[in-house]
$ cat target_30.txt   # compact mmCIF, C-alpha atoms
# COMPACT_ATOMS: atom_id res chain seq x y z
CA MET A 9 -164.26 -213.97 -66.78
CA LYS A 10 -163.93 -210.19 -66.72
CA MET A 11 -167.26 -208.65 -65.74
CA LYS A 12 -168.61 -205.67 -67.63
CA TYR A 13 -170.35 -202.92 -65.68
CA VAL A 14 -170.72 -199.95 -68.02
CA PHE A 15 -173.26 -200.18 -70.84
CA HIS A 16 -174.94 -198.22 -73.58
CA ILE A 17 -178.62 -197.50 -73.01
CA ASP A 18 -179.82 -200.07 -75.57
CA GLU A 19 -178.05 -202.84 -73.67
CA VAL A 20 -179.57 -201.67 -70.37
CA ILE A 21 -183.07 -201.62 -71.89
CA ARG A 22 -182.51 -205.21 -73.01
CA MET A 23 -181.44 -206.25 -69.50
CA ILE A 24 -184.50 -204.57 -67.95
CA ASN A 25 -186.84 -206.20 -70.46
CA ASN A 26 -185.23 -209.58 -69.71
CA GLY A 27 -186.29 -209.17 -66.07
CA ALA A 28 -182.90 -208.57 -64.47
CA ILE A 29 -182.81 -206.94 -61.01
CA LEU A 30 -180.61 -203.90 -61.49
CA ALA A 31 -179.09 -200.99 -59.62
CA LEU A 32 -178.20 -198.24 -62.08
CA ALA A 33 -176.22 -195.02 -62.08
CA GLY A 34 -176.12 -192.49 -64.86
CA SER A 35 -177.25 -189.12 -66.08
CA GLU A 36 -180.86 -188.05 -65.64
CA SER A 37 -181.37 -187.83 -69.40
CA LEU A 38 -180.35 -191.48 -69.86
CA LEU A 39 -182.14 -192.97 -66.85
CA SER A 40 -185.33 -191.11 -67.84
CA LYS A 41 -185.42 -193.05 -71.11
CA LEU A 42 -185.46 -196.49 -69.46
CA PRO A 43 -188.62 -198.63 -69.35
CA LYS A 44 -190.27 -199.73 -66.12
CA GLY A 45 -188.85 -202.86 -64.59
CA LYS A 46 -187.01 -204.33 -61.63
CA TRP A 47 -184.54 -201.52 -61.17
CA VAL A 48 -183.53 -198.61 -59.00
CA GLY A 49 -181.25 -195.81 -60.06
CA GLY A 50 -179.60 -192.59 -59.13
CA THR A 51 -177.95 -189.78 -61.02
CA THR A 52 -174.22 -189.33 -61.33
CA PRO A 53 -172.02 -188.85 -64.39
CA TYR A 54 -168.98 -190.23 -62.53
CA PHE A 55 -168.10 -193.94 -62.19
CA MET A 56 -165.21 -196.24 -61.59
CA GLY A 57 -165.89 -198.10 -64.82
CA ASP A 58 -164.45 -201.03 -66.71
CA ASP A 59 -161.44 -198.98 -67.80
CA GLY A 60 -161.02 -196.84 -64.67
CA GLY A 61 -162.51 -193.57 -63.53
CA VAL A 62 -164.81 -192.02 -66.12
CA HIS A 63 -166.99 -188.92 -66.41
CA THR A 64 -169.72 -189.45 -68.98
CA ASN A 65 -173.33 -188.69 -69.83
CA GLU A 66 -173.41 -191.36 -72.52
CA LEU A 67 -173.15 -194.57 -70.47
CA ILE A 68 -174.92 -196.27 -67.58
CA PHE A 69 -173.24 -198.10 -64.72
CA VAL A 70 -175.02 -201.39 -64.00
CA ASN A 71 -174.95 -203.69 -60.98
CA ASP A 72 -176.92 -206.79 -61.92
CA LEU A 73 -178.11 -208.15 -58.58
CA SER A 74 -180.20 -211.03 -59.96
CA ASP A 75 -177.82 -213.80 -58.86
CA HIS A 76 -178.69 -215.41 -55.50
CA THR A 77 -181.82 -213.20 -55.21
CA VAL A 78 -185.00 -215.14 -54.43
CA ASP A 79 -187.25 -212.18 -53.67
CA PHE A 80 -187.08 -208.41 -53.74
CA LEU A 81 -189.00 -205.26 -52.90
CA ILE A 82 -188.50 -201.84 -54.47
CA LYS A 83 -189.93 -199.06 -52.36
CA SER A 84 -189.71 -195.28 -52.14
CA TYR A 85 -189.28 -193.53 -48.80
CA SER A 86 -190.05 -190.01 -47.67
CA ASP A 87 -188.52 -187.99 -44.89
CA HIS A 88 -191.34 -189.32 -42.68
CA THR A 89 -191.03 -193.02 -43.52
CA ILE A 90 -187.28 -193.55 -43.89
CA SER A 91 -186.69 -194.17 -40.17
CA ALA A 92 -188.68 -197.43 -40.40
CA ILE A 93 -186.75 -198.76 -43.41
CA ALA A 94 -185.47 -201.74 -41.44
CA ASP A 95 -189.07 -202.98 -41.07
CA ASP A 96 -189.12 -203.75 -44.81
CA GLU A 97 -185.88 -205.72 -44.86
CA PHE A 98 -185.83 -209.45 -45.55
CA THR A 99 -184.41 -211.60 -42.77
CA ASN A 100 -181.57 -212.94 -44.89
CA GLY A 101 -180.73 -210.25 -47.38
CA TYR A 102 -179.62 -206.69 -47.86
CA THR A 103 -180.95 -203.26 -48.74
CA LEU A 104 -179.53 -200.89 -51.33
CA LEU A 105 -180.63 -197.31 -50.68
CA ILE A 106 -180.23 -194.26 -52.93
CA ILE A 107 -180.96 -190.76 -51.62
CA PRO A 108 -180.88 -187.54 -53.68
CA ALA A 109 -178.20 -185.10 -52.55
CA PHE A 110 -179.26 -181.75 -51.08
CA SER A 111 -182.74 -183.07 -50.18
CA THR A 112 -184.27 -182.72 -46.73
CA LEU A 113 -184.17 -186.48 -46.55
CA HIS A 114 -180.41 -186.43 -47.18
CA THR A 115 -179.94 -184.21 -44.12
CA SER A 116 -182.39 -186.12 -42.01
CA PHE A 117 -180.89 -189.52 -42.85
CA ALA A 118 -177.38 -188.22 -42.22
CA GLU A 119 -178.24 -186.87 -38.79
CA ASN A 120 -180.54 -189.62 -37.59
CA ALA A 121 -179.78 -192.94 -39.29
CA PRO A 122 -177.47 -194.18 -36.52
CA GLN A 123 -180.49 -194.00 -34.21
CA TYR A 124 -183.02 -195.76 -36.49
CA LYS A 125 -184.61 -198.87 -35.03
CA ASP A 126 -182.88 -202.13 -36.01
CA ILE A 127 -180.72 -200.26 -38.53
CA PHE A 128 -177.73 -202.57 -37.99
CA ASN A 129 -179.65 -205.84 -38.28
CA ASN A 130 -179.19 -206.30 -42.03
CA PRO A 131 -176.63 -204.86 -44.45
CA LEU A 132 -177.95 -201.46 -45.52
CA PHE A 133 -175.78 -199.64 -48.02
CA GLY A 134 -175.98 -197.35 -51.00
CA TRP A 135 -175.21 -193.86 -52.06
CA ILE A 136 -176.22 -190.24 -52.38
CA SER A 137 -177.05 -189.39 -55.98
CA GLY A 138 -175.33 -186.40 -57.49
CA ILE A 139 -174.86 -184.35 -60.60
CA ASP A 140 -172.08 -182.98 -62.73
CA GLN A 141 -170.11 -180.54 -60.59
CA LYS A 142 -170.71 -177.87 -63.23
CA GLU A 143 -174.48 -178.24 -62.76
CA ILE A 144 -174.66 -177.77 -59.00
CA SER A 145 -177.42 -175.20 -58.29
CA VAL A 146 -178.70 -175.68 -61.87
CA VAL A 147 -180.32 -179.11 -61.68
CA THR A 148 -181.11 -181.35 -58.74
CA PRO A 149 -179.81 -184.90 -58.21
CA LYS A 150 -182.49 -187.55 -58.74
CA VAL A 151 -183.40 -191.10 -57.78
CA PHE A 152 -185.49 -193.46 -59.91
CA ASN A 153 -187.95 -196.11 -58.83
CA GLY A 154 -187.95 -198.35 -61.90
CA MET A 155 -191.02 -200.31 -60.76
CA THR A 156 -193.28 -197.27 -60.67
CA GLY A 157 -191.42 -194.95 -63.02
CA GLU A 158 -191.23 -192.36 -60.26
CA VAL A 159 -188.36 -189.85 -60.49
CA SER A 160 -187.66 -187.77 -57.41
CA ASP A 161 -185.30 -185.18 -55.98
CA SER A 162 -186.84 -185.50 -52.52
CA MET A 163 -187.70 -189.19 -51.96
CA ALA A 164 -185.26 -192.06 -51.49
CA VAL A 165 -185.56 -195.39 -53.25
CA ALA A 166 -184.55 -198.76 -51.82
CA LEU A 167 -184.08 -202.20 -53.29
CA HIS A 168 -184.61 -204.81 -50.57
CA VAL A 169 -183.22 -208.20 -51.57
CA LYS A 170 -183.85 -211.61 -50.07
CA LEU A 171 -180.95 -213.98 -50.62
CA GLU A 172 -181.19 -217.69 -51.24
CA ASP A 173 -180.49 -219.94 -48.26
CA GLY A 174 -176.81 -220.53 -47.65
CA LYS A 175 -175.79 -217.09 -48.92
CA THR A 176 -174.94 -214.19 -46.64
CA ALA A 177 -174.40 -210.54 -47.51
CA HIS A 178 -171.39 -208.89 -45.93
CA LEU A 179 -171.08 -205.12 -45.84
CA ASP A 180 -167.83 -203.33 -45.13
CA ILE A 181 -165.89 -200.19 -45.88
CA LEU A 182 -162.44 -199.36 -47.06
CA ASN A 183 -161.12 -196.07 -45.79
CA PRO A 184 -157.63 -194.85 -46.67
CA PHE A 185 -157.78 -192.27 -43.90
CA VAL A 186 -156.92 -192.68 -40.22
CA LYS A 187 -156.95 -190.20 -37.39
CA GLY A 188 -153.85 -188.02 -37.36
CA SER A 189 -151.85 -187.32 -34.23
CA GLY A 190 -152.95 -183.67 -33.99
CA ASP A 191 -155.59 -181.89 -31.94
CA ARG A 192 -158.62 -183.75 -30.57
CA ILE A 193 -161.74 -182.04 -31.82
CA SER A 194 -165.35 -182.37 -30.68
CA PHE A 195 -168.51 -180.41 -31.36
CA PRO A 196 -171.30 -179.16 -29.11
CA LYS A 197 -173.94 -179.68 -31.83
CA THR A 198 -174.72 -182.27 -34.51
CA GLY A 199 -174.98 -180.82 -38.01
CA PHE A 200 -173.68 -180.00 -41.48
CA LYS A 201 -172.92 -176.37 -40.60
CA VAL A 202 -170.33 -176.02 -37.91
CA LYS A 203 -169.63 -172.87 -35.94
CA ASP A 204 -168.32 -174.02 -32.59
CA ALA A 205 -165.79 -176.68 -31.78
CA ILE A 206 -163.96 -177.87 -28.72
CA ILE A 207 -160.26 -178.19 -29.49
CA ASN A 208 -158.33 -180.17 -26.88
CA GLY A 209 -160.99 -179.18 -24.35
CA GLU A 210 -161.16 -175.47 -25.26
CA SER A 211 -164.04 -173.79 -27.10
CA LYS A 212 -163.11 -172.15 -30.38
CA ASN A 213 -164.78 -171.00 -33.59
CA PHE A 214 -164.09 -173.90 -35.96
CA ALA A 215 -163.54 -171.71 -39.04
CA ASP A 216 -161.00 -169.60 -37.14
CA TYR A 217 -159.26 -172.76 -35.95
CA LEU A 218 -158.93 -174.14 -39.48
CA ILE A 219 -157.68 -170.84 -40.90
CA GLU A 220 -155.26 -169.95 -38.09
CA ASN A 221 -153.70 -173.41 -38.19
CA SER A 222 -153.59 -173.62 -42.01
CA ILE A 223 -155.46 -176.93 -41.86
CA ASP A 224 -155.65 -178.72 -45.23
CA ILE A 225 -159.40 -179.26 -45.67
CA LYS A 226 -158.80 -181.61 -48.57
CA LEU A 227 -158.26 -184.08 -45.76
CA PRO A 228 -161.34 -185.18 -43.79
CA LEU A 229 -162.04 -185.19 -40.09
CA VAL A 230 -161.89 -188.77 -38.79
CA ALA A 231 -163.57 -190.45 -35.83
CA ASP A 232 -162.85 -193.91 -34.51
CA TYR A 233 -166.06 -195.93 -34.10
CA TYR A 234 -164.72 -199.03 -32.33
CA GLY A 235 -162.10 -199.49 -35.03
CA ALA A 236 -164.19 -198.26 -37.98
CA MET A 237 -162.73 -194.98 -39.23
CA ILE A 238 -165.60 -192.62 -40.07
CA ASN A 239 -164.82 -189.51 -42.12
CA ILE A 240 -166.36 -186.09 -42.40
CA GLY A 241 -165.46 -184.35 -45.68
CA PHE A 242 -165.18 -180.58 -45.86
CA GLN A 243 -167.28 -178.63 -48.35
CA ASN A 244 -165.94 -175.14 -47.64
CA ILE A 245 -165.26 -172.46 -45.09
CA ASP A 246 -167.84 -169.69 -45.09
CA TYR A 247 -165.55 -166.80 -44.16
CA GLU A 248 -168.37 -164.26 -43.93
CA ASN A 249 -170.43 -166.25 -41.43
CA LYS A 250 -167.43 -167.89 -39.77
CA GLU A 251 -168.99 -171.26 -40.44
CA VAL A 252 -167.66 -174.53 -41.84
CA ASN A 253 -169.83 -176.61 -44.20
CA VAL A 254 -169.27 -180.36 -44.23
CA TYR A 255 -170.59 -183.19 -46.42
CA ALA A 256 -171.69 -185.39 -43.51
CA PRO A 257 -172.79 -184.11 -40.15
CA VAL A 258 -170.38 -183.88 -37.28
CA PHE A 259 -171.90 -185.56 -34.26
CA LYS A 260 -172.07 -184.24 -30.75
CA ASN A 261 -170.27 -186.52 -28.27
CA ILE A 262 -167.86 -187.98 -30.82
CA GLU A 263 -164.14 -187.21 -30.79
CA TYR A 264 -162.55 -186.33 -34.12
CA ALA A 265 -159.10 -185.48 -35.41
CA MET A 266 -157.88 -184.35 -38.79
CA ALA A 267 -156.84 -187.30 -40.95
CA ALA A 268 -153.19 -188.18 -41.34
CA PRO A 269 -152.06 -187.17 -44.85
CA VAL A 270 -152.32 -189.82 -47.58
CA THR A 271 -149.57 -189.28 -50.12
CA ASN A 272 -150.58 -191.95 -52.62
CA TYR A 273 -154.28 -192.73 -52.46
CA ILE A 274 -154.21 -195.49 -55.08
CA ALA A 275 -151.26 -197.28 -53.45
CA VAL A 276 -152.93 -197.21 -50.01
CA PHE A 277 -156.13 -198.38 -51.57
CA GLU A 278 -154.59 -201.24 -53.52
CA ALA A 279 -152.66 -202.43 -50.47
CA SER A 280 -155.93 -202.63 -48.52
CA LEU A 281 -157.67 -204.40 -51.39
CA LYS A 282 -154.88 -206.95 -51.66
CA GLU A 283 -155.01 -207.62 -47.93
CA LYS A 284 -158.78 -208.11 -47.95
CA ASN A 285 -159.00 -209.93 -51.31
CA ILE A 286 -162.55 -208.80 -51.96
CA HIS A 287 -164.82 -209.37 -54.95
CA PRO A 288 -167.79 -207.09 -54.39
CA VAL A 289 -171.23 -207.37 -55.99
CA PHE A 290 -171.64 -203.66 -55.29
CA SER A 291 -169.31 -200.83 -54.41
CA CYS A 292 -169.28 -197.05 -54.54
CA ASN A 293 -166.73 -194.38 -53.80
CA CYS A 294 -166.74 -190.68 -53.05
CA LEU A 295 -166.54 -187.84 -55.56
CA LEU A 296 -163.98 -186.08 -53.36
CA ASN A 297 -161.70 -189.12 -53.55
CA TYR A 298 -162.25 -189.14 -57.32
CA ILE A 299 -161.27 -185.46 -57.55
CA TYR A 300 -158.45 -185.20 -55.00
CA ALA A 301 -156.86 -188.54 -55.93
CA GLU A 302 -157.35 -187.70 -59.64
CA LEU A 303 -158.99 -191.05 -60.35
CA GLU A 304 -160.26 -190.19 -63.84
CA GLY A 305 -158.70 -192.74 -66.19
CA LYS A 306 -157.16 -194.65 -63.28
CA LYS A 307 -158.20 -197.97 -61.76
CA THR A 308 -158.66 -198.82 -58.09
CA GLY A 309 -158.01 -202.54 -58.23
CA ASN A 310 -161.09 -204.54 -59.23
CA ILE A 311 -163.42 -202.05 -57.56
CA LYS A 312 -166.05 -200.56 -59.84
CA GLY A 313 -169.12 -198.52 -59.05
CA PRO A 314 -170.79 -195.13 -58.94
CA ILE A 315 -168.84 -192.12 -57.74
CA THR A 316 -171.12 -190.41 -55.31
CA PHE A 317 -172.04 -187.36 -53.27
CA GLY A 318 -171.96 -189.54 -50.15
CA GLU A 319 -171.77 -193.21 -49.35
CA ILE A 320 -174.13 -195.21 -47.16
CA ALA A 321 -173.12 -198.08 -44.92
CA TYR A 322 -175.90 -198.11 -42.32
CA GLN A 323 -175.31 -194.36 -42.04
CA LEU A 324 -173.99 -191.58 -44.25
CA LEU A 325 -170.24 -191.73 -44.86
CA ASN A 326 -167.75 -189.51 -46.68
CA ARG A 327 -164.51 -190.17 -48.54
CA THR A 328 -165.04 -193.92 -48.06
CA LEU A 329 -165.39 -196.90 -50.34
CA VAL A 330 -168.41 -199.00 -49.42
CA TYR A 331 -168.71 -202.56 -50.68
CA LEU A 332 -170.98 -205.55 -50.40
CA THR A 333 -169.90 -209.13 -50.92
CA ILE A 334 -172.04 -212.27 -51.01
CA GLU A 335 -170.50 -215.22 -49.23
CA MET B 9 -178.60 -218.14 -28.34
CA ASN B 10 -176.51 -219.66 -25.55
CA TYR B 11 -175.69 -216.30 -24.04
CA GLU B 12 -178.55 -215.36 -21.72
CA LEU B 13 -179.62 -211.76 -21.27
CA SER B 14 -178.63 -212.04 -17.60
CA ASP B 15 -175.04 -212.97 -18.41
CA PRO B 16 -172.79 -210.22 -16.93
CA HIS B 17 -170.72 -210.00 -20.14
CA TRP B 18 -173.50 -207.90 -21.71
CA LYS B 19 -173.37 -205.31 -18.95
CA TYR B 20 -169.58 -205.21 -19.00
CA LEU B 21 -169.73 -204.71 -22.76
CA VAL B 22 -172.18 -201.80 -22.75
CA VAL B 23 -170.50 -199.92 -19.90
CA GLY B 24 -167.15 -200.18 -21.66
CA LYS B 25 -165.42 -202.65 -19.37
CA LEU B 26 -164.66 -205.14 -22.13
CA ASN B 27 -162.07 -204.24 -24.70
CA CYS B 28 -163.00 -206.07 -27.90
CA LYS B 29 -161.60 -205.49 -31.36
CA PHE B 30 -164.70 -206.24 -33.41
CA GLU B 31 -164.69 -207.44 -37.01
CA LEU B 32 -168.13 -206.53 -38.36
CA LEU B 33 -168.88 -202.97 -39.39
CA ALA B 34 -172.42 -203.34 -38.03
CA VAL B 35 -171.09 -204.28 -34.59
CA LYS B 36 -168.59 -201.41 -34.57
CA LEU B 37 -171.30 -198.88 -35.43
CA LEU B 38 -173.78 -200.40 -33.00
CA MET B 39 -171.23 -200.30 -30.20
CA ASN B 40 -170.44 -196.68 -31.01
CA ARG B 41 -174.16 -195.88 -30.70
CA ILE B 42 -174.13 -197.63 -27.30
CA ARG B 43 -170.98 -195.76 -26.22
CA VAL B 44 -172.64 -192.42 -27.02
CA LYS B 45 -175.83 -193.40 -25.17
CA ILE B 46 -173.91 -194.46 -22.08
CA SER B 47 -171.75 -191.32 -22.15
CA LEU B 48 -174.96 -189.29 -21.89
CA GLY B 49 -176.20 -191.19 -18.86
CA ASP B 50 -175.27 -194.51 -17.32
CA ASP B 51 -178.30 -194.92 -15.07
CA GLU B 52 -179.74 -198.39 -14.65
CA GLU B 53 -182.57 -197.88 -17.15
CA THR B 54 -180.21 -196.70 -19.90
CA VAL B 55 -177.78 -199.54 -19.23
CA ASN B 56 -180.61 -202.09 -19.36
CA ASP B 57 -181.92 -200.59 -22.61
CA CYS B 58 -178.45 -200.86 -24.09
CA ILE B 59 -178.04 -204.45 -22.91
CA ASN B 60 -181.36 -205.34 -24.56
CA GLU B 61 -180.35 -203.62 -27.78
CA VAL B 62 -177.01 -205.40 -28.03
CA HIS B 63 -178.47 -208.75 -27.00
CA ASN B 64 -181.23 -208.42 -29.62
CA PHE B 65 -178.70 -207.65 -32.32
CA PHE B 66 -176.59 -210.71 -31.55
CA LYS B 67 -179.68 -212.89 -31.17
CA LYS B 68 -180.86 -211.89 -34.65
CA ASN B 69 -177.38 -212.16 -36.12
CA GLU B 70 -175.98 -215.03 -34.08
CA LYS B 71 -174.40 -216.82 -37.01
CA TYR B 72 -173.33 -213.76 -38.99
CA ALA B 73 -171.76 -212.12 -35.94
CA GLU B 74 -170.42 -215.33 -34.43
CA LYS B 75 -166.78 -214.20 -34.34
CA ASP B 76 -167.61 -210.97 -32.54
CA LEU B 77 -169.88 -212.80 -30.13
CA LEU B 78 -167.01 -215.11 -29.24
CA LYS B 79 -164.73 -212.13 -28.70
CA ILE B 80 -167.13 -210.85 -26.06
CA PHE B 81 -167.60 -214.14 -24.26
CA GLU B 82 -164.01 -215.33 -24.32
CA GLN B 83 -163.15 -212.40 -22.06
CA GLU B 84 -162.87 -213.01 -18.37
CA ILE B 85 -165.21 -211.05 -16.11
CA LYS B 86 -163.45 -209.80 -13.01

$ encode --input "target_30.txt" --output "C-alpha cells"
Amino acid sequence: MKMKYVFHIDEVIRMINNGAILALAGSESLLSKLPKGKWVGGTTPYFMGDDGGVHTNELIFVNDLSDHTVDFLIKSYSDHTISAIADDEFTNGYTLLIIPAFSTLHTSFAENAPQYKDIFNNPLFGWISGIDQKEISVVTPKVFNGMTGEVSDSMAVALHVKLEDGKTAHLDILNPFVKGSGDRISFPKTGFKVKDAIINGESKNFADYLIENSIDIKLPLVADYYGAMINIGFQNIDYENKEVNVYAPVFKNIEYAMAAPVTNYIAVFEASLKEKNIHPVFSCNCLLNYIYAELEGKKTGNIKGPITFGEIAYQLLNRTLVYLTIE
Amino acid sequence: MNYELSDPHWKYLVVGKLNCKFELLAVKLLMNRIRVKISLGDDEETVNDCINEVHNFFKKNEKYAEKDLLKIFEQEIK
C-alpha cells in the first residue's frame, strides 16, 4: 500500500487526538494551530512529499512513529543540557532530535556532538528546522514540543522512542558526494567561519584559495570518516572579511577535499537507493540538495521527508540524506 | 561479550593498526572520534581511554554491531 505523508491540518489534528506518536514538519503558522499531544515538530516549508519535492505553507509532513513503539519520552533541551541527551535514551530504541537553525544550540551541537558521552550508543537522528529562504533574517526557525505546547527558536526538542522487543532501529546516510582527487585541505580551527586553511601542507587564506582556484562552492567539502563521507556545505564567501561561511563546522585535525562533481544528482541517488533497497520510517534531506539538484516536483525514489537546514545523524551533517529503518 | 578488554585487538584497533571496513555509521563515526583523539596524543592513558570507549560501545551494542565486531576479531594480530 502506498503510504501518505503529507496532510492537511484537519487530518493532522485528528491523528494527534487519536493518540498517534508523530514527528511533524511544516510552517510555523500551521504547527502553531495544532493541539497538544504526542508530537514533536519543526518548521520548514520544503518537503519531499507524496508527489515529489514541494514548497508549501498549506500542508504538514507527517511521520507516524506509533508502530513498534512501546514507550516514548518527549523532552526539550537547552544549550546546557543537550550534551547529556544520550542519558535519556531507551536501551532499545532511537531518538529523533530537532534543533532550530541559527540558534546558539545549533552551533554548539554542531561543534561538540561528536564528543558527547555515549552519543553513538543508540540511533540519534533528526534535522535542523528552517524557514522559507525569502524569510531568512525576518523570522526565526522554530521547534515545537507537542506535549507541553512549547514553541522555541533556542531550545531543541527530542522524541525518544523505545521499540518493542525483536525490533532494531538502524540509522544510516546516503551521500551522493565523494572526495575529489584535488587538493587535501585541513583547518587549524573548528568552526562555521573559516579564515585559515592548510592546503597540501601550506597555510593559505581559505577565501583566497577558493577564489584564485575558481572552486565551485555549490559542491561541498568532503571528509572520509572510516568510509562515511561527511560533507561541509558552503554558505558564502565573505569577500570583505576574507572569510568563508559554512553550514556545518569544519573540524580541526580532519582532512577534507572538495567533492567530485555530481552531474546527475537524482540518478546517483536512485542508484544508491536501488543498491540498498531501503524502506525508511524517517528520512530527511538538505535544502541545498533540493535547490542545486532542482528537486521541486521531482521524486527521489521512495524517500520522503522534510527538507532541512541541516541533517543530524549522531552529529550535524550537510548535503546528506539521513534515514532510519526498523528491522 | 566474549572479547575481553585485555584482548590486544582493541589496542591494535584504536592505534590504527587494524584496517577494517566497517558497516555501521555509528562505528565509523566512533572510530573517527578515536582516530582524532589518538592523533592528538597516543600516550598510554589516552590509548587506554580509547580502548575503554570502544569496548563499552561494542559491549552495549554487541548484537547490533555484530558484523563490525567480527571484522575486528577476524584479523590476525602480528

$ atom_distance --input "target_30.txt" --atom1 "atom CA of Phe200 of chain A" --atom2 "atom CA of Leu33 of chain B"
23.6 Å

$ residues_around --input "target_30.txt" --residues "Gln141 of chain A" --least-positions-apart "3" --cutoff "10 Å" --atoms "only C-alpha atoms" --output "list of chain:residue names"
A:Thr52, A:Pro53, A:Tyr54, A:Gly138, A:Ile144, A:Ser145, A:Val146, A:Leu295

$ closest_atom_pairs --input "target_30.txt" --of "chain A" --to "chain B" --cutoff "6 Å" --atoms "only C-alpha atoms" --output "tab-separated table"
residue	atom	partner	partner_atom	distance
A:Phe128	CA	B:Ala34	CA	5.4
A:Asp180	CA	B:Leu33	CA	5.8
A:Tyr233	CA	B:Asn40	CA	5.4
A:Tyr234	CA	B:Lys36	CA	5.1

$ closest_atom_pairs --input "target_30.txt" --of "segment 124-228 of chain A" --to "segment 18-31 of chain A" --cutoff "12 Å" --atoms "only C-alpha atoms" --output "JSON lines"
{"residue": "A:Gly134", "atom": "CA", "partner": "A:Ala31", "partner_atom": "CA", "distance": 9.9}
{"residue": "A:Trp135", "atom": "CA", "partner": "A:Ala31", "partner_atom": "CA", "distance": 11.1}
{"residue": "A:Val151", "atom": "CA", "partner": "A:Ala31", "partner_atom": "CA", "distance": 10.9}
{"residue": "A:Phe152", "atom": "CA", "partner": "A:Ala31", "partner_atom": "CA", "distance": 9.9}
{"residue": "A:Asn153", "atom": "CA", "partner": "A:Ala31", "partner_atom": "CA", "distance": 10.1}
{"residue": "A:Gly154", "atom": "CA", "partner": "A:Leu30", "partner_atom": "CA", "distance": 9.2}
{"residue": "A:Met155", "atom": "CA", "partner": "A:Ile29", "partner_atom": "CA", "distance": 10.6}
{"residue": "A:Val165", "atom": "CA", "partner": "A:Ala31", "partner_atom": "CA", "distance": 10.7}
{"residue": "A:Ala166", "atom": "CA", "partner": "A:Ala31", "partner_atom": "CA", "distance": 9.8}
{"residue": "A:Leu167", "atom": "CA", "partner": "A:Ala31", "partner_atom": "CA", "distance": 8.2}
{"residue": "A:His168", "atom": "CA", "partner": "A:Ile29", "partner_atom": "CA", "distance": 10.8}
{"residue": "A:Val169", "atom": "CA", "partner": "A:Ile29", "partner_atom": "CA", "distance": 9.5}
{"residue": "A:Lys170", "atom": "CA", "partner": "A:Ile29", "partner_atom": "CA", "distance": 11.9}

$ residues_around --input "target_30.txt" --residues "Thr333 of chain A" --least-positions-apart "6" --cutoff "8 Å" --atoms "all atoms listed in the file" --output "list of chain:residue names"
A:Ala177, A:His178, A:Leu179, A:Ile286, A:His287, A:Pro288, A:Val289, A:Phe290

$ residues_around --input "target_30.txt" --residues "Gln83 of chain B" --least-positions-apart "4" --cutoff "12 Å" --atoms "only C-alpha atoms" --output "PyMOL selection string"
chain B and resi 16-18+20-21+25-29+76-79

$ atom_distance --input "target_30.txt" --atom1 "atom CA of Thr115 of chain A" --atom2 "atom CA of Phe242 of chain A"
15.3 Å

$ atom_distance --input "target_30.txt" --atom1 "atom CA of Glu52 of chain B" --atom2 "atom CA of Asp126 of chain A"
21.9 Å

$ closest_residue --input "target_30.txt" --among "A:Asn65, A:Thr103, A:Thr328, A:Ser162" --to "Asp87 of chain A" --atoms "only C-alpha atoms"
A:Ser162

$ residues_around --input "target_30.txt" --residues "Ser111 of chain A" --least-positions-apart "4" --cutoff "9 Å" --atoms "all atoms listed in the file" --output "PyMOL selection string"
chain A and resi 107+115-116+148-149+161-163

$ residues_around --input "target_30.txt" --residues "segment 317-326 of chain A" --least-positions-apart "3" --cutoff "9 Å" --atoms "all atoms listed in the file" --output "number ranges by chain"
A: 52, 104-106, 108-109, 114, 117-122, 127-128, 130-139, 179-181, 228, 238-241, 255-257, 292-296, 329-331; B: 33-34, 37

$ closest_residue --input "target_30.txt" --among "B:Val23, B:Ile85, B:Glu74, B:Asn10" --to "Ile59 of chain B" --atoms "all atoms listed in the file"
B:Val23

$ closest_residue --input "target_30.txt" --among "A:Asp140, A:Glu283, A:Asp96, A:Asp79" --to "His63 of chain A" --atoms "all atoms listed in the file"
A:Asp140

$ decode --input "target_30.txt" --residues "segment 54-63 of chain B" --atoms "N, CA and C atoms" --output "PDB file, in the first residue's frame"
ATOM      1  N   THR B  54      45.732   7.913  27.136  1.00  0.00           N
ATOM      2  CA  THR B  54      44.782   8.186  26.043  1.00  0.00           C
ATOM      3  C   THR B  54      44.397   6.886  25.340  1.00  0.00           C
ATOM      4  N   VAL B  55      45.388   6.056  25.073  1.00  0.00           N
ATOM      5  CA  VAL B  55      45.109   4.787  24.391  1.00  0.00           C
ATOM      6  C   VAL B  55      44.167   3.932  25.242  1.00  0.00           C
ATOM      7  N   ASN B  56      44.416   3.885  26.538  1.00  0.00           N
ATOM      8  CA  ASN B  56      43.542   3.082  27.418  1.00  0.00           C
ATOM      9  C   ASN B  56      42.125   3.646  27.476  1.00  0.00           C
ATOM     10  N   ASP B  57      42.023   4.988  27.507  1.00  0.00           N
ATOM     11  CA  ASP B  57      40.687   5.614  27.471  1.00  0.00           C
ATOM     12  C   ASP B  57      39.946   5.221  26.199  1.00  0.00           C
ATOM     13  N   CYS B  58      40.672   5.249  25.104  1.00  0.00           N
ATOM     14  CA  CYS B  58      40.055   4.917  23.809  1.00  0.00           C
ATOM     15  C   CYS B  58      39.647   3.446  23.759  1.00  0.00           C
ATOM     16  N   ILE B  59      40.498   2.586  24.294  1.00  0.00           N
ATOM     17  CA  ILE B  59      40.152   1.157  24.331  1.00  0.00           C
ATOM     18  C   ILE B  59      38.871   0.958  25.142  1.00  0.00           C
ATOM     19  N   ASN B  60      38.795   1.621  26.285  1.00  0.00           N
ATOM     20  CA  ASN B  60      37.578   1.510  27.121  1.00  0.00           C
ATOM     21  C   ASN B  60      36.341   1.993  26.379  1.00  0.00           C
ATOM     22  N   GLU B  61      36.504   3.107  25.673  1.00  0.00           N
ATOM     23  CA  GLU B  61      35.365   3.693  24.954  1.00  0.00           C
ATOM     24  C   GLU B  61      34.854   2.746  23.865  1.00  0.00           C
ATOM     25  N   VAL B  62      35.771   2.201  23.105  1.00  0.00           N
ATOM     26  CA  VAL B  62      35.378   1.306  22.008  1.00  0.00           C
ATOM     27  C   VAL B  62      34.804   0.001  22.574  1.00  0.00           C
ATOM     28  N   HIS B  63      35.438  -0.521  23.595  1.00  0.00           N
ATOM     29  CA  HIS B  63      34.957  -1.757  24.217  1.00  0.00           C
ATOM     30  C   HIS B  63      33.545  -1.570  24.769  1.00  0.00           C
TER      31      HIS B  63
END
